[in-house]
Amino acid sequence: MQALYAQLLVGLINGSFYALLSLGLAVIFGMLNIINFAHGALYMMGAFCAYFLLNLAGIGYWPALIIAPIVVGIFGMILERTMLQWLSGLDHLYGLLLTFGIALIVQGVFQNYFGSSGLPYAIPDELKGGMNLGFMFLPIYRGWVVVFSLIVCLATWYLIEKTRLGANLRAATENPTLVRAFGINVPRMITLTYGLGVGLAALAGVLSAPINQVRPLMGADLIIVVFAVVVIGGMGSIMGSIITGFSLGVIEGLTKYFYPEASNTVVFVLMVLVLLVKPTGLTGRAA
Amino acid sequence: MAEAPAKTTGTPVLSVQNLEAWYGESHILHGINFNVNAGEVVTLLGRNGAGKTTTLKSVMGIIGKRTGSIRFNDQDITRAASDKIARMGVAFCPEERGIFASLDVRENLLLPPIVRPGGLSLDQIFELFPNLKERLNSQGTKLSGGEQQMLAIARILRTGARFLMLDEPTEGLAPVIIQQIGHTIARLKSEGFTILLVEQNFRFAATVADRYYIVEHGKVIDGFANSELQANMDKLHTYLGV
């Protein structure tokens, strides 16, 4: 049973990253209509940002949790202002190709300087060690990642679904022209939304650094699964992204326990099934 | 034909001269000229596809390419971004109403920001449109067509804009609702709002408008005051093909 719980925990942690990343992708897709293939590279930049803060400036994990998403978020907003904004109104393919190109360049630059092997990032002192829960041993840092991710996801959901700002955002997703004609600066909102989505990816990167180490291709490996998660969950729903992210992490974990050979493919098998039965995804709305 | 010889008094709130506009490659407006004076209700009449809606959208700044001159309160807004135009006090109620499905009625109502003081309070809005108050928590697009139209008008009354552009507010609505919208427009006019209306429903327009302009093939081809309406009936029938 110990092994089952351990795999469940790994699943929940992976699910946390899936949820944070697919949430950002969903928000970005809603507002910018862009399939943000650079998301994995930006996640990696979040982890590297935490690494640089620690090793170049002596700034530790807790400030990095705030600084890295802001720094990478600003980088994202510059990308949006200088490149992505010119693609509005064009076919998805252009955004996909551009962001894919950005991802390759960013990853290439980091690989050039840091190679492909992982750089260590220590667990902060406050979260070292573990707890014996009776039925399993819980490393505190891992528990923290799951709980904190869940809180951030729910806070993002609340921001978008329950606040005035979120209402503006939802309205601009539906009909940006009319929202702008009401006097709302939609281009600025789009830039900030991209910054928010990118910031969530960077946050996931910081959370992941002590668990998975800091590697230039850490995002490239993850992003393919995340896109499968997004396809399964559907692009239309914030809560859908969160629930799908966590559940697919858990399903992956369970598969590792019961049938390890399939653990790398189970998400893609599910994706195929969902595409066959409900092409808009489990919670998605028709385009 | 020459510019419409409609009677105008005072300084225009909105003055449109030689407006041309394009949707992508297609040239829709070929020289629109008209004025709207403070406190007036002015109606653009014309057949489907004549360019009435495009004219409103050009004033609102949401048609990509436009030339000529659009002046609002003596400021040139020809090339201004639509959010800037809205902030100057121009409010637009689109033909398709533009109620947001992902927002409830309250959120739809509160969506347009206040651009200047003097807008209607929520209480005043509920007095005008009691139905909305009962449906505040419904999803915007779950309302009936009439209620959606009321919501679309109500939300721009909150903003403090004193110049309203209403694109076919009676389209597809039951007579009793049309009557209610007519009362609303009359009430707004009495409170000093200036209204630019686009209508296919000529009989409705006649109950609220001070002046008319006829739009055909992207040009204003005629104009007259409500008092000259009877004298122009024959022409109107020809223009509108009714």
# chains A, B, ... in the order shown; residues from 1 in each chain; ligands from 1

call {"tool": "closest_atom_pairs", "arguments": {"of": "chain B", "to": "chain A", "cutoff": "7 Å", "atoms": "only C-alpha atoms", "output": "CSV"}}
result
residue,atom,partner,partner_atom,distance
B:Met60,CA,A:Ala181,CA,6.7
B:Ile62,CA,A:Thr177,CA,6.9
B:Ser82,CA,A:Ala181,CA,5.0
B:Asp83,CA,A:Gly183,CA,3.8
B:Lys84,CA,A:Gly183,CA,6.3
B:Ala86,CA,A:Gly183,CA,4.7
B:Arg87,CA,A:Gly183,CA,5.4
B:Ala91,CA,A:Phe182,CA,6.8
B:Phe100,CA,A:Ala171,CA,6.1
B:Ser102,CA,A:Arg170,CA,6.5
B:Leu103,CA,A:Ala167,CA,6.5
B:Glu107,CA,A:Ala167,CA,6.5
B:Leu111,CA,A:Asn168,CA,6.5
B:Pro112,CA,A:Phe182,CA,5.1
B:Pro113,CA,A:Gly183,CA,6.7

call {"tool": "write_last_selection", "arguments": {"atoms": "C-alpha atoms", "output": "short mmCIF file (atom, residue, chain, number, x, y, z; two decimals), in the first residue's frame"}}
result
data_model
loop_
_atom_site.label_atom_id
_atom_site.label_comp_id
_atom_site.auth_asym_id
_atom_site.auth_seq_id
_atom_site.Cartn_x
_atom_site.Cartn_y
_atom_site.Cartn_z
CA MET B 60 -17.60 54.28 -32.44
CA ILE B 62 -14.63 49.93 -34.57
CA SER B 82 -12.84 53.01 -29.69
CA ASP B 83 -12.04 52.90 -25.97
CA LYS B 84 -10.94 56.56 -26.15
CA ALA B 86 -16.21 55.70 -25.34
CA ARG B 87 -14.34 57.59 -22.62
CA ALA B 91 -22.13 54.88 -25.93
CA PHE B 100 -22.29 38.30 -22.81
CA SER B 102 -20.38 34.10 -19.69
CA LEU B 103 -21.61 37.00 -17.55
CA GLU B 107 -22.09 41.56 -14.48
CA LEU B 111 -19.45 45.87 -17.34
CA PRO B 112 -19.19 49.25 -19.10
CA PRO B 113 -17.10 51.51 -16.89
#

call {"tool": "select_by_dssp", "arguments": {"residues": "segment 84-236 of chain A", "states": "alpha helix (DSSP H)", "output": "ChimeraX atom specification"}}
result
/A:92-114,140-162,164-174,176-181,186-212,218-233

call {"tool": "closest_residue", "arguments": {"among": "A:Gln2, A:Gln111, A:Asn14, A:Thr193", "to": "Glu80 of chain A", "atoms": "only C-alpha atoms"}}
result
A:Thr193

call {"tool": "residues_around", "arguments": {"residues": "Arg47 of chain B", "least_positions_apart": "6", "cutoff": "12 Å", "atoms": "only C-alpha atoms", "output": "list in words"}}
result
Thr53, Val198, Glu199, Gln200, Asn201, Phe202, Ile214, Val215, Glu216, His217, Gly218, Lys219, Leu236, His237, Thr238, Tyr239, Leu240, Gly241 and Val242 of chain B

call {"tool": "write_last_selection", "arguments": {"atoms": "N, CA and C atoms", "output": "CSV table (one decimal), in the first residue's frame"}}
result
chain,number,residue,atom,x,y,z
B,53,THR,N,-25.5,50.7,-40.1
B,53,THR,CA,-24.8,50.1,-39.0
B,53,THR,C,-23.3,50.5,-39.1
B,198,VAL,N,-30.6,53.9,-35.4
B,198,VAL,CA,-30.7,53.3,-36.7
B,198,VAL,C,-32.0,52.4,-36.6
B,199,GLU,N,-32.8,52.5,-37.6
B,199,GLU,CA,-34.1,51.8,-37.6
B,199,GLU,C,-34.5,51.3,-39.0
B,200,GLN,N,-35.1,50.1,-39.0
B,200,GLN,CA,-35.8,49.6,-40.2
B,200,GLN,C,-37.3,49.9,-40.0
B,201,ASN,N,-37.6,49.9,-38.7
B,201,ASN,CA,-39.0,50.0,-38.3
B,201,ASN,C,-39.4,51.5,-38.4
B,202,PHE,N,-39.9,51.9,-39.5
B,202,PHE,CA,-40.1,53.3,-39.7
B,202,PHE,C,-41.2,53.9,-38.8
B,214,ILE,N,-31.7,59.7,-44.8
B,214,ILE,CA,-31.8,58.5,-45.6
B,214,ILE,C,-30.5,58.1,-46.1
B,215,VAL,N,-30.1,56.9,-45.8
B,215,VAL,CA,-28.8,56.3,-46.2
B,215,VAL,C,-29.1,55.3,-47.3
B,216,GLU,N,-28.3,55.5,-48.4
B,216,GLU,CA,-28.5,54.5,-49.5
B,216,GLU,C,-27.1,54.3,-50.2
B,217,HIS,N,-26.7,53.1,-50.4
B,217,HIS,CA,-25.4,52.8,-51.0
B,217,HIS,C,-24.3,53.6,-50.4
B,218,GLY,N,-24.3,53.6,-49.1
B,218,GLY,CA,-23.1,54.2,-48.4
B,218,GLY,C,-23.1,55.7,-48.4
B,219,LYS,N,-24.2,56.4,-48.8
B,219,LYS,CA,-24.3,57.8,-48.8
B,219,LYS,C,-25.6,58.3,-48.1
B,236,LEU,N,-40.2,58.8,-49.1
B,236,LEU,CA,-39.7,57.7,-48.2
B,236,LEU,C,-40.1,56.3,-48.7
B,237,HIS,N,-41.3,56.2,-49.2
B,237,HIS,CA,-41.7,54.9,-49.7
B,237,HIS,C,-40.8,54.4,-50.8
B,238,THR,N,-40.4,55.3,-51.6
B,238,THR,CA,-39.5,55.0,-52.7
B,238,THR,C,-38.1,54.6,-52.1
B,239,TYR,N,-37.6,55.4,-51.2
B,239,TYR,CA,-36.3,55.1,-50.7
B,239,TYR,C,-36.2,53.7,-50.0
B,240,LEU,N,-37.3,53.5,-49.1
B,240,LEU,CA,-37.2,52.3,-48.3
B,240,LEU,C,-37.9,51.1,-49.0
B,241,GLY,N,-38.6,51.4,-50.1
B,241,GLY,CA,-39.2,50.3,-50.8
B,241,GLY,C,-40.3,49.6,-49.9
B,242,VAL,N,-41.0,50.4,-49.1
B,242,VAL,CA,-42.1,49.8,-48.3
B,242,VAL,C,-43.4,50.1,-48.9

call {"tool": "closest_residue", "arguments": {"among": "B:Ser190, B:Asn33, B:Asn131, B:Thr55", "to": "Leu166 of chain B", "atoms": "only C-alpha atoms"}}
result
B:Thr55

call {"tool": "atom_distance", "arguments": {"atom1": "atom CA of Val36 of chain B", "atom2": "atom CA of Ala174 of chain B"}}
result
28.9 Å

call {"tool": "atom_distance", "arguments": {"atom1": "atom CA of Leu275 of chain A", "atom2": "atom CA of Leu25 of chain A"}}
result
18.6 Å

call {"tool": "atom_distance", "arguments": {"atom1": "atom CA of Leu8 of chain A", "atom2": "atom CA of Val250 of chain A"}}
result
5.8 Å
